[in-house]
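As provided, query_7.txt (compact mmCIF, C-alpha atoms) reads as follows.
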# COMPACT_ATOMS: atom_id res chain seq x y z
CA MET A 285 40.62 5.16 -119.59
CA PRO A 286 41.45 3.87 -123.10
CA GLU A 287 44.68 1.95 -123.60
CA PRO A 288 47.29 3.17 -126.10
CA SER A 289 46.99 1.48 -129.49
CA GLY A 290 48.72 -1.90 -129.59
CA GLN A 291 49.12 -2.14 -125.82
CA ARG A 292 47.46 -5.00 -123.99
CA ALA A 293 44.58 -3.90 -121.77
CA LYS A 294 45.10 -3.87 -118.01
CA PRO A 295 43.83 -6.96 -116.16
CA LEU A 296 40.65 -5.27 -114.90
CA SER A 297 40.07 -2.92 -117.81
CA GLY A 298 36.34 -2.63 -118.49
CA ILE A 299 35.35 -3.36 -114.88
CA ARG A 300 33.50 -0.50 -113.19
CA VAL A 301 33.42 -0.40 -109.41
CA LEU A 302 31.04 1.81 -107.41
CA ASP A 303 32.83 2.21 -104.09
CA LEU A 304 30.89 3.63 -101.16
CA THR A 305 33.45 2.61 -98.53
CA ARG A 306 35.43 4.95 -96.29
CA LEU A 307 38.55 5.08 -94.14
CA LEU A 308 40.97 2.14 -94.67
CA PRO A 309 39.73 -1.41 -95.47
CA GLY A 310 37.41 -0.76 -98.42
CA PRO A 311 39.49 2.01 -100.00
CA VAL A 312 42.61 -0.22 -99.95
CA CYS A 313 40.58 -2.96 -101.63
CA SER A 314 39.38 -0.61 -104.37
CA LEU A 315 42.90 0.88 -104.63
CA HIS A 316 44.25 -2.48 -105.79
CA LEU A 317 41.33 -2.92 -108.18
CA ALA A 318 41.97 0.56 -109.60
CA ASP A 319 45.71 -0.08 -109.91
CA MET A 320 44.87 -3.15 -112.01
CA GLY A 321 42.77 -1.07 -114.36
CA ALA A 322 39.26 -1.02 -112.92
CA ASP A 323 37.29 2.21 -113.26
CA VAL A 324 36.66 2.92 -109.58
CA ILE A 325 34.10 5.63 -108.87
CA LYS A 326 34.37 6.72 -105.25
CA VAL A 327 30.81 7.58 -104.26
CA GLU A 328 30.73 10.04 -101.35
CA ASP A 329 27.95 11.97 -99.67
CA PRO A 330 28.00 15.71 -100.44
CA GLY A 331 28.69 16.49 -96.77
CA ALA A 332 31.67 15.01 -94.94
CA GLY A 333 32.43 12.39 -97.58
CA ASP A 334 35.19 9.97 -96.70
CA TYR A 335 36.31 10.91 -93.16
CA ALA A 336 39.89 10.02 -94.10
CA ARG A 337 40.06 13.18 -96.23
CA ALA A 338 40.95 15.03 -93.03
CA MET A 339 44.21 13.04 -93.02
CA ARG A 340 45.64 13.90 -96.44
CA GLY A 341 48.86 11.93 -96.05
CA TYR A 342 46.82 8.84 -95.18
CA PHE A 343 44.02 9.44 -97.71
CA SER A 344 46.05 10.17 -100.83
CA PRO A 345 48.03 6.91 -101.23
CA ILE A 346 44.95 4.69 -100.95
CA ASN A 347 42.69 6.68 -103.26
CA ARG A 348 44.83 7.28 -106.34
CA ASN A 349 43.62 6.12 -109.75
CA LYS A 350 39.97 6.69 -108.72
CA ARG A 351 37.25 9.14 -109.65
CA SER A 352 35.04 10.89 -107.08
CA LEU A 353 31.29 11.43 -107.36
CA THR A 354 29.27 13.08 -104.62
CA LEU A 355 25.77 11.67 -104.30
CA ASP A 356 23.11 12.03 -101.59
CA LEU A 357 21.57 8.57 -101.31
CA LYS A 358 19.09 9.82 -98.71
CA GLN A 359 17.27 11.69 -101.47
CA PRO A 360 15.03 9.70 -103.84
CA ARG A 361 16.71 11.34 -106.83
CA GLY A 362 20.11 10.34 -105.47
CA ARG A 363 19.03 6.71 -105.19
CA GLU A 364 17.66 6.79 -108.72
CA LEU A 365 20.91 8.18 -110.03
CA PHE A 366 22.90 5.51 -108.18
CA LEU A 367 20.76 2.78 -109.76
CA GLU A 368 21.42 4.33 -113.16
CA LEU A 369 25.13 3.92 -112.49
CA VAL A 370 24.56 0.33 -111.40
CA ARG A 371 23.31 -0.65 -114.87
CA ASP A 372 26.80 -0.32 -116.35
CA ALA A 373 28.77 -1.39 -113.27
CA GLN A 374 30.14 -4.79 -112.37
CA VAL A 375 30.91 -4.24 -108.67
CA VAL A 376 29.37 -2.35 -105.77
CA MET A 377 31.29 -2.03 -102.50
CA GLU A 378 29.98 -0.70 -99.20
CA GLY A 379 31.16 -0.68 -95.61
CA PHE A 380 28.20 0.46 -93.54
CA ARG A 381 26.62 -1.46 -90.67
CA PRO A 382 24.14 -4.18 -91.64
CA GLY A 383 20.79 -2.76 -92.68
CA VAL A 384 21.96 0.71 -93.70
CA MET A 385 21.95 0.02 -97.44
CA ARG A 386 18.50 -1.56 -97.20
CA ARG A 387 17.16 1.56 -95.47
CA LEU A 388 18.67 3.67 -98.25
CA GLY A 389 16.99 1.48 -100.86
CA VAL A 390 20.20 0.36 -102.57
CA ASP A 391 20.83 -3.03 -100.93
CA TYR A 392 21.88 -6.10 -102.91
CA GLU A 393 18.34 -7.25 -103.67
CA ARG A 394 17.33 -3.87 -105.11
CA VAL A 395 20.59 -3.45 -107.03
CA ALA A 396 20.39 -6.98 -108.45
CA GLU A 397 16.92 -6.21 -109.83
CA VAL A 398 18.55 -3.50 -111.94
CA ASN A 399 21.67 -5.50 -112.79
CA PRO A 400 21.48 -9.28 -112.12
CA GLY A 401 25.18 -9.64 -112.91
CA ILE A 402 26.34 -7.26 -110.17
CA VAL A 403 28.91 -8.35 -107.58
CA TYR A 404 27.93 -6.62 -104.34
CA CYS A 405 30.48 -6.68 -101.51
CA SER A 406 29.68 -5.61 -97.96
CA ILE A 407 32.70 -5.13 -95.68
CA THR A 408 31.86 -5.01 -91.98
CA GLY A 409 33.51 -5.82 -88.69
CA TYR A 410 31.39 -8.82 -87.74
CA GLY A 411 29.39 -9.70 -90.84
CA GLN A 412 25.72 -9.63 -91.82
CA SER A 413 24.65 -12.25 -89.27
CA GLY A 414 25.53 -13.35 -85.76
CA PRO A 415 25.09 -11.71 -82.35
CA TYR A 416 27.82 -9.11 -82.96
CA ARG A 417 26.56 -7.95 -86.37
CA ASP A 418 25.46 -4.50 -85.14
CA ARG A 419 28.45 -3.77 -82.94
CA ALA A 420 30.89 -0.99 -83.70
CA GLY A 421 34.55 -1.92 -83.89
CA HIS A 422 37.99 -1.27 -85.27
CA ASP A 423 40.98 -3.41 -86.20
CA LEU A 424 42.09 -3.85 -82.58
CA ASN A 425 38.65 -5.16 -81.58
CA TYR A 426 38.49 -7.69 -84.42
CA CYS A 427 42.01 -8.92 -83.68
CA ALA A 428 41.13 -9.17 -79.99
CA TYR A 429 38.12 -11.38 -80.69
CA ALA A 430 40.12 -13.52 -83.12
CA GLY A 431 42.78 -14.45 -80.55
CA ILE A 432 45.49 -12.44 -82.29
CA VAL A 433 46.07 -9.70 -79.72
CA ASP A 434 46.46 -12.35 -77.01
CA GLN A 435 49.46 -13.76 -78.87
CA VAL A 436 51.26 -10.54 -79.81
CA GLY A 437 53.96 -9.38 -77.42
CA ALA A 438 57.02 -10.52 -75.48
CA ARG A 439 56.97 -13.47 -73.11
CA ASP A 440 55.67 -12.58 -69.65
CA GLY A 441 54.60 -9.19 -71.01
CA PRO A 442 51.17 -7.71 -71.81
CA PRO A 443 49.51 -7.90 -75.21
CA VAL A 444 50.93 -5.39 -77.69
CA ILE A 445 49.05 -3.46 -80.37
CA PRO A 446 50.76 -4.09 -83.73
CA ASN A 447 51.23 -1.00 -85.90
CA PHE A 448 49.82 -2.94 -88.82
CA GLN A 449 46.08 -3.21 -89.25
CA ILE A 450 45.87 -6.98 -89.59
CA ALA A 451 42.09 -7.43 -89.68
CA ASP A 452 41.50 -4.28 -91.73
CA ILE A 453 43.99 -5.20 -94.46
CA LEU A 454 43.90 -9.00 -94.38
CA GLY A 455 40.15 -9.05 -93.94
CA GLY A 456 38.59 -5.85 -95.17
CA SER A 457 40.96 -5.39 -98.10
CA LEU A 458 42.64 -8.57 -99.34
CA SER A 459 39.89 -11.05 -98.44
CA ALA A 460 37.36 -8.71 -100.02
CA ILE A 461 39.42 -8.66 -103.22
CA MET A 462 39.46 -12.47 -103.20
CA GLY A 463 35.68 -12.64 -102.88
CA ILE A 464 35.06 -9.92 -105.46
CA LEU A 465 37.36 -11.42 -108.09
CA ALA A 466 35.94 -14.93 -107.58
CA ALA A 467 32.39 -13.61 -107.93
CA LEU A 468 33.37 -11.58 -111.01
CA LEU A 469 34.81 -14.66 -112.68
CA ASP A 470 31.64 -16.59 -111.95
CA ALA A 471 29.45 -13.72 -113.16
CA GLN A 472 31.28 -13.70 -116.49
CA ARG A 473 30.50 -17.41 -116.91
CA SER A 474 26.97 -17.51 -115.54
CA GLY A 475 25.67 -13.97 -116.05
CA ARG A 476 24.63 -13.88 -112.41
CA GLY A 477 26.37 -11.87 -109.72
CA ARG A 478 26.76 -12.68 -106.05
CA TYR A 479 26.52 -11.04 -102.67
CA VAL A 480 29.91 -11.06 -100.91
CA ASP A 481 29.70 -10.82 -97.10
CA VAL A 482 33.15 -9.99 -95.68
CA ALA A 483 33.55 -9.85 -91.90
CA MET A 484 36.95 -8.58 -90.82
CA ALA A 485 36.80 -10.54 -87.55
CA ASP A 486 36.07 -13.76 -89.48
CA CYS A 487 38.98 -13.20 -91.86
CA ALA A 488 41.40 -12.46 -89.03
CA LEU A 489 40.29 -15.60 -87.18
CA ALA A 490 40.54 -17.81 -90.27
CA HIS A 491 44.21 -16.89 -90.73
CA ASN A 492 45.30 -17.16 -87.08
CA LEU A 493 46.91 -20.48 -87.90
CA MET A 494 49.73 -21.10 -85.43
CA PRO A 495 47.67 -20.68 -82.22
CA MET A 496 44.87 -22.76 -83.74
CA THR A 497 47.36 -25.50 -84.60
CA ALA A 498 48.71 -25.47 -81.06
CA LEU A 499 45.17 -25.59 -79.69
CA ALA A 500 44.42 -28.69 -81.77
CA GLU A 501 47.69 -30.43 -80.91
CA ARG A 502 48.22 -29.43 -77.28
CA GLY A 503 44.81 -28.31 -76.10
CA ALA A 504 46.01 -24.72 -75.70
CA PRO A 505 48.18 -22.21 -77.53
CA ARG A 506 51.62 -21.52 -76.15
CA PRO A 507 51.98 -18.46 -73.90
CA ARG A 508 52.53 -15.09 -75.54
CA GLY A 509 56.01 -14.73 -77.02
CA THR A 510 56.86 -18.43 -76.76
CA ASP A 511 55.28 -20.06 -79.81
CA PHE A 512 57.62 -21.36 -82.50
CA LEU A 513 57.22 -18.29 -84.67
CA SER A 514 56.76 -15.69 -81.93
CA GLY A 515 59.93 -16.06 -79.88
CA GLY A 516 60.04 -19.65 -78.68
CA LEU A 517 62.90 -20.69 -80.95
CA PRO A 518 66.35 -19.07 -80.60
CA TRP A 519 66.99 -19.56 -84.33
CA TYR A 520 63.78 -17.63 -85.18
CA ALA A 521 64.12 -14.49 -83.14
CA VAL A 522 65.20 -10.85 -82.97
CA TYR A 523 68.56 -9.93 -81.44
CA GLU A 524 69.96 -6.61 -80.29
CA THR A 525 73.36 -5.51 -81.59
CA ALA A 526 76.10 -3.40 -79.97
CA ASP A 527 74.69 -0.14 -81.33
CA GLY A 528 71.15 -0.72 -80.06
CA ARG A 529 69.83 -1.86 -83.46
CA TYR A 530 68.35 -5.26 -84.20
CA LEU A 531 68.75 -8.27 -86.48
CA ALA A 532 65.99 -10.71 -87.43
CA LEU A 533 67.14 -14.32 -87.57
CA GLY A 534 64.92 -16.81 -89.41
CA ALA A 535 67.14 -19.89 -89.60
CA LEU A 536 64.34 -22.40 -89.21
CA GLU A 537 65.79 -25.02 -91.55
CA PHE A 538 68.80 -26.86 -90.17
CA LYS A 539 71.01 -25.96 -93.15
CA PHE A 540 70.55 -22.25 -92.40
CA TRP A 541 71.23 -22.78 -88.71
CA GLN A 542 74.40 -24.71 -89.58
CA ALA A 543 75.55 -21.87 -91.85
CA LEU A 544 74.98 -19.31 -89.08
CA GLY A 545 76.78 -21.46 -86.52
CA ALA A 546 79.82 -21.84 -88.77
CA ALA A 547 79.94 -18.11 -89.55
CA MET A 548 79.70 -17.17 -85.86
CA GLU A 549 82.02 -19.99 -84.74
CA LEU A 550 79.42 -21.16 -82.28
CA PRO A 551 80.36 -24.06 -79.97
CA ASP A 552 79.32 -27.54 -80.99
CA TRP A 553 76.40 -27.62 -78.57
CA ALA A 554 74.84 -24.65 -80.38
CA ARG A 555 75.01 -26.31 -83.82
CA THR A 556 72.03 -28.55 -83.18
CA GLN A 557 68.38 -27.60 -82.89
CA PRO A 558 67.39 -29.23 -79.61
CA GLU A 559 63.82 -29.86 -78.49
CA GLY A 560 64.47 -29.16 -74.81
CA GLU A 561 63.63 -25.73 -73.40
CA ALA A 562 66.79 -25.56 -71.28
CA GLU A 563 69.07 -26.19 -74.26
CA ARG A 564 67.21 -23.67 -76.36
CA GLU A 565 67.55 -21.02 -73.70
CA ARG A 566 71.23 -21.79 -73.40
CA ILE A 567 71.61 -21.21 -77.14
CA ARG A 568 69.55 -18.04 -76.95
CA ALA A 569 71.74 -16.63 -74.18
CA GLU A 570 74.85 -17.32 -76.25
CA LEU A 571 73.35 -15.61 -79.30
CA VAL A 572 72.30 -12.62 -77.20
CA ARG A 573 75.88 -12.30 -75.96
CA ARG A 574 77.46 -12.75 -79.40
CA PHE A 575 75.22 -10.35 -81.31
CA LYS A 576 75.89 -7.58 -78.79
CA THR A 577 79.60 -7.66 -79.57
CA ARG A 578 79.23 -5.89 -82.95
CA SER A 579 77.07 -3.23 -84.58
CA ARG A 580 74.20 -4.19 -86.81
CA ASP A 581 75.91 -3.12 -90.01
CA ASP A 582 79.14 -4.83 -89.01
CA TRP A 583 77.23 -8.08 -88.60
CA LEU A 584 75.56 -7.54 -91.98
CA ARG A 585 78.96 -7.20 -93.62
CA HIS A 586 80.16 -10.31 -91.79
CA PHE A 587 77.15 -12.31 -93.06
CA ALA A 588 77.07 -10.79 -96.54
CA ASP A 589 77.92 -14.10 -98.23
CA VAL A 590 76.31 -16.44 -95.66
CA ASP A 591 72.92 -17.90 -96.63
CA CYS A 592 71.26 -18.14 -93.21
CA CYS A 593 68.11 -15.99 -93.29
CA LEU A 594 69.51 -13.02 -91.37
CA ALA A 595 68.04 -9.57 -92.04
CA PRO A 596 68.31 -6.10 -90.54
CA VAL A 597 65.31 -4.73 -88.67
CA LEU A 598 64.75 -1.61 -90.76
CA THR A 599 62.70 1.46 -90.01
CA ILE A 600 60.18 2.42 -92.68
CA ALA A 601 62.52 5.26 -93.69
CA GLU A 602 65.33 2.74 -94.21
CA ALA A 603 63.01 0.42 -96.13
CA ARG A 604 62.13 3.37 -98.37
CA GLN A 605 65.81 3.66 -99.31
CA ASP A 606 66.54 -0.06 -99.48
CA ALA A 607 68.23 -1.05 -102.74
CA HIS A 608 66.10 -4.15 -103.25
CA PHE A 609 62.75 -2.38 -102.90
CA ARG A 610 63.95 0.42 -105.14
CA ALA A 611 65.06 -2.09 -107.77
CA ARG A 612 61.64 -3.73 -107.55
CA GLY A 613 59.94 -0.39 -108.17
CA MET A 614 58.05 -0.50 -104.88
CA PHE A 615 57.65 3.26 -104.61
CA ALA A 616 55.84 5.69 -106.86
CA GLU A 617 56.08 9.45 -107.11
CA VAL A 618 52.70 11.11 -107.72
CA GLU A 619 52.46 14.53 -109.29
CA GLY A 620 51.01 17.03 -106.83
CA GLU A 621 51.53 14.78 -103.81
CA ALA A 622 54.29 15.12 -101.23
CA GLY A 623 56.52 12.10 -100.67
CA SER A 624 56.33 8.65 -102.18
CA GLN A 625 53.54 6.12 -102.26
CA PHE A 626 53.74 2.35 -102.28
CA ALA A 627 53.43 0.97 -105.78
CA PHE A 628 51.11 -1.88 -106.71
CA PRO A 629 53.00 -4.89 -105.27
CA VAL A 630 51.98 -7.74 -107.61
CA ARG A 631 53.91 -8.31 -110.83
CA LEU A 632 51.83 -9.43 -113.80
CA SER A 633 53.14 -10.17 -117.28
CA ASP A 634 52.25 -7.59 -119.96
CA PHE A 635 51.24 -5.13 -117.25
CA GLU A 636 53.12 -2.14 -115.96
CA PHE A 637 51.74 -0.33 -112.93
CA GLY A 638 51.34 3.41 -113.18
CA VAL A 639 49.59 6.26 -111.43
CA ALA A 640 47.14 7.73 -113.92
CA CYS A 641 45.82 10.30 -111.47
CA ALA A 642 46.29 11.40 -107.89
CA ALA A 643 43.57 10.95 -105.25
CA PRO A 644 40.54 12.96 -106.39
CA GLU A 645 39.08 15.96 -104.66
CA GLN A 646 35.60 15.35 -103.29
CA GLY A 647 33.16 15.43 -106.21
CA GLN A 648 35.93 16.20 -108.69
CA HIS A 649 34.40 13.99 -111.38
CA ASN A 650 30.72 14.82 -110.89
CA ASN A 651 30.32 16.44 -114.29
CA GLN A 652 32.35 13.78 -116.07
CA VAL A 653 30.43 10.83 -114.63
CA LEU A 654 27.05 12.46 -115.13
CA ARG A 655 27.87 13.36 -118.72
CA GLU A 656 28.74 9.69 -119.30
CA LEU A 657 25.20 8.90 -118.12
CA GLY A 658 23.84 11.31 -120.71
CA TYR A 659 23.02 14.29 -118.48
CA SER A 660 23.16 17.75 -120.00
CA ALA A 661 24.86 20.73 -118.39
CA ALA A 662 21.46 22.12 -117.37
CA GLN A 663 20.41 18.82 -115.78
CA ILE A 664 23.71 18.58 -113.87
CA ALA A 665 23.27 22.14 -112.64
CA ALA A 666 19.76 21.26 -111.43
CA LEU A 667 21.03 18.20 -109.53
CA ARG A 668 23.67 20.36 -107.90
CA GLU A 669 21.09 23.01 -106.99
CA GLU A 670 18.91 20.32 -105.36
CA GLY A 671 21.84 19.00 -103.34
CA VAL A 672 21.67 15.58 -105.00
CA VAL A 673 25.33 15.80 -106.06
Any chance you could give the structure as structure tokens?
Amino acid sequence: MPEPSGQRAKPLSGIRVLDLTRLLPGPVCSLHLADMGADVIKVEDPGAGDYARAMRGYFSPINRNKRSLTLDLKQPRGRELFLELVRDAQVVMEGFRPGVMRRLGVDYERVAEVNPGIVYCSITGYGQSGPYRDRAGHDLNYCAYAGIVDQVGARDGPPVIPNFQIADILGGSLSAIMGILAALLDAQRSGRGRYVDVAMADCALAHNLMPMTALAERGAPRPRGTDFLSGGLPWYAVYETADGRYLALGALEFKFWQALGAAMELPDWARTQPEGEAERERIRAELVRRFKTRSRDDWLRHFADVDCCLAPVLTIAEARQDAHFRARGMFAEVEGEAGSQFAFPVRLSDFEFGVACAAPEQGQHNNQVLRELGYSAAQIAALREEGVV
């Protein structure tokens, strides 16, 4: 989409992305690329397309600012048309199991013959190599293999499934963006693209830092719910208030702990940060007792001017109404869509995020994209008649 006269182009203006991914990880990756100005063409098969379409409230926020093209890659003519698109693209993204794109005839080697500068990113659960490469999986499975699920939960309790897709987003979305942008930068300098192999399990494992640190230092991670940042420290913990709500305390640095102790008039023995487990549990018990004497909001008023890293545990509905997030412009209203969507979260100078278009209907931009390739109305009609698009 052309920029208004005199306005600086968006960071990824001029970058075309052919996105064959579905569901969550890949579409979130291409969402961020689209929000930064890339022309993302969502390539879907003429049948089911992206399975997430069945969940409109889930599909819409992660597919805005994109165009949709239906294309049957199982047909020779569909593959030819895809390779025509590749000539003017900079990025191809796919999320099928290893070997699928090769069988379709549009794998990296074939695509790079057409466009040597292409950045081709494959997002899978376990990567293109290794004994698990062909296994099916979802976020929970990748986090389980990476040692994350083992660490999530309360002490002496079972593992808990977080309602945040750690491997999908950290691995399949954000790590993929990192690889794509690095390869794009290199392609601009060298003229040669790269193949980007993103395994969600790998990316989850590579960022599981605290248990890995404990393993290196102690020979084993601390039990679930007892590591420094998962419940082991009374000054980095969640506490229930009198009204059944919760406060998150993150007073890791001693100055913050001192400020909290003074504001709560804690006894002298609770104004240190002892190493011993018994002393820590004694402090925790005192904090449990104190925080239950007032409501959450009463405590927030009490600590309004105290710099001690204390925050309310908000529901997503409360976060949606939070004054700070609203001031930061973290929510966007999209014409034709119910409710709000998260805005692009990164602030860049000379760039203002906006929603140019809502999530596309399946195949909504078939005619537009094909006309850009030089196809006439009669040729487009023939492709449609043949089931290619």
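Pairwise distance (atom CA of Asp591 of chain A, atom CA of Ala438 of chain A) equals 27.5 Å.
Comparing the minimum interatomic distances between Val436 of chain A and each of A:Ile461, A:Leu424, A:Leu454, A:Val370, counting only C-alpha atoms, we find that A:Leu424 sits nearest.
Shortest separation to Asp423 of chain A among A:Leu308, A:Asp481, A:Ser579, A:Arg439 occurs at residue A:Leu308, atoms counted being all atoms listed in the file.
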Do you know which residues are at most 9 Å from His422 of chain A counting all atoms listed in the file, after dropping those on the same chain fewer than 3 positions away, and could you put them as a PDB file with C-alpha atoms, keeping the file's coordinate frame?
ATOM      1  CA  GLY A 409      33.510  -5.820 -88.690  1.00  0.00           C
ATOM      2  CA  ASN A 425      38.650  -5.160 -81.580  1.00  0.00           C
ATOM      3  CA  TYR A 426      38.490  -7.690 -84.420  1.00  0.00           C
ATOM      4  CA  CYS A 427      42.010  -8.920 -83.680  1.00  0.00           C
ATOM      5  CA  ALA A 451      42.090  -7.430 -89.680  1.00  0.00           C
ATOM      6  CA  ASP A 452      41.500  -4.280 -91.730  1.00  0.00           C
TER       7      ASP A 452
END
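Relative to atom CA of Gly534 of chain A, atom CA of Met548 of chain A is found at 15.2 Å.
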Close residues, Ser457 of chain A itself excluded, 10 Å, all atoms listed in the file, min 2 positions apart in chain, as a CSV table (one decimal) with C-alpha atoms, keeping the file's coordinate frame:
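part35.csv, freshly written:
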chain,number,residue,atom,x,y,z
A,308,LEU,CA,41.0,2.1,-94.7
A,309,PRO,CA,39.7,-1.4,-95.5
A,310,GLY,CA,37.4,-0.8,-98.4
A,311,PRO,CA,39.5,2.0,-100.0
A,312,VAL,CA,42.6,-0.2,-100.0
A,313,CYS,CA,40.6,-3.0,-101.6
A,314,SER,CA,39.4,-0.6,-104.4
A,315,LEU,CA,42.9,0.9,-104.6
A,316,HIS,CA,44.2,-2.5,-105.8
A,407,ILE,CA,32.7,-5.1,-95.7
A,450,ILE,CA,45.9,-7.0,-89.6
A,451,ALA,CA,42.1,-7.4,-89.7
A,452,ASP,CA,41.5,-4.3,-91.7
A,453,ILE,CA,44.0,-5.2,-94.5
A,454,LEU,CA,43.9,-9.0,-94.4
A,455,GLY,CA,40.2,-9.0,-93.9
A,459,SER,CA,39.9,-11.0,-98.4
A,460,ALA,CA,37.4,-8.7,-100.0
A,461,ILE,CA,39.4,-8.7,-103.2
A,462,MET,CA,39.5,-12.5,-103.2
A,482,VAL,CA,33.2,-10.0,-95.7
A,484,MET,CA,37.0,-8.6,-90.8
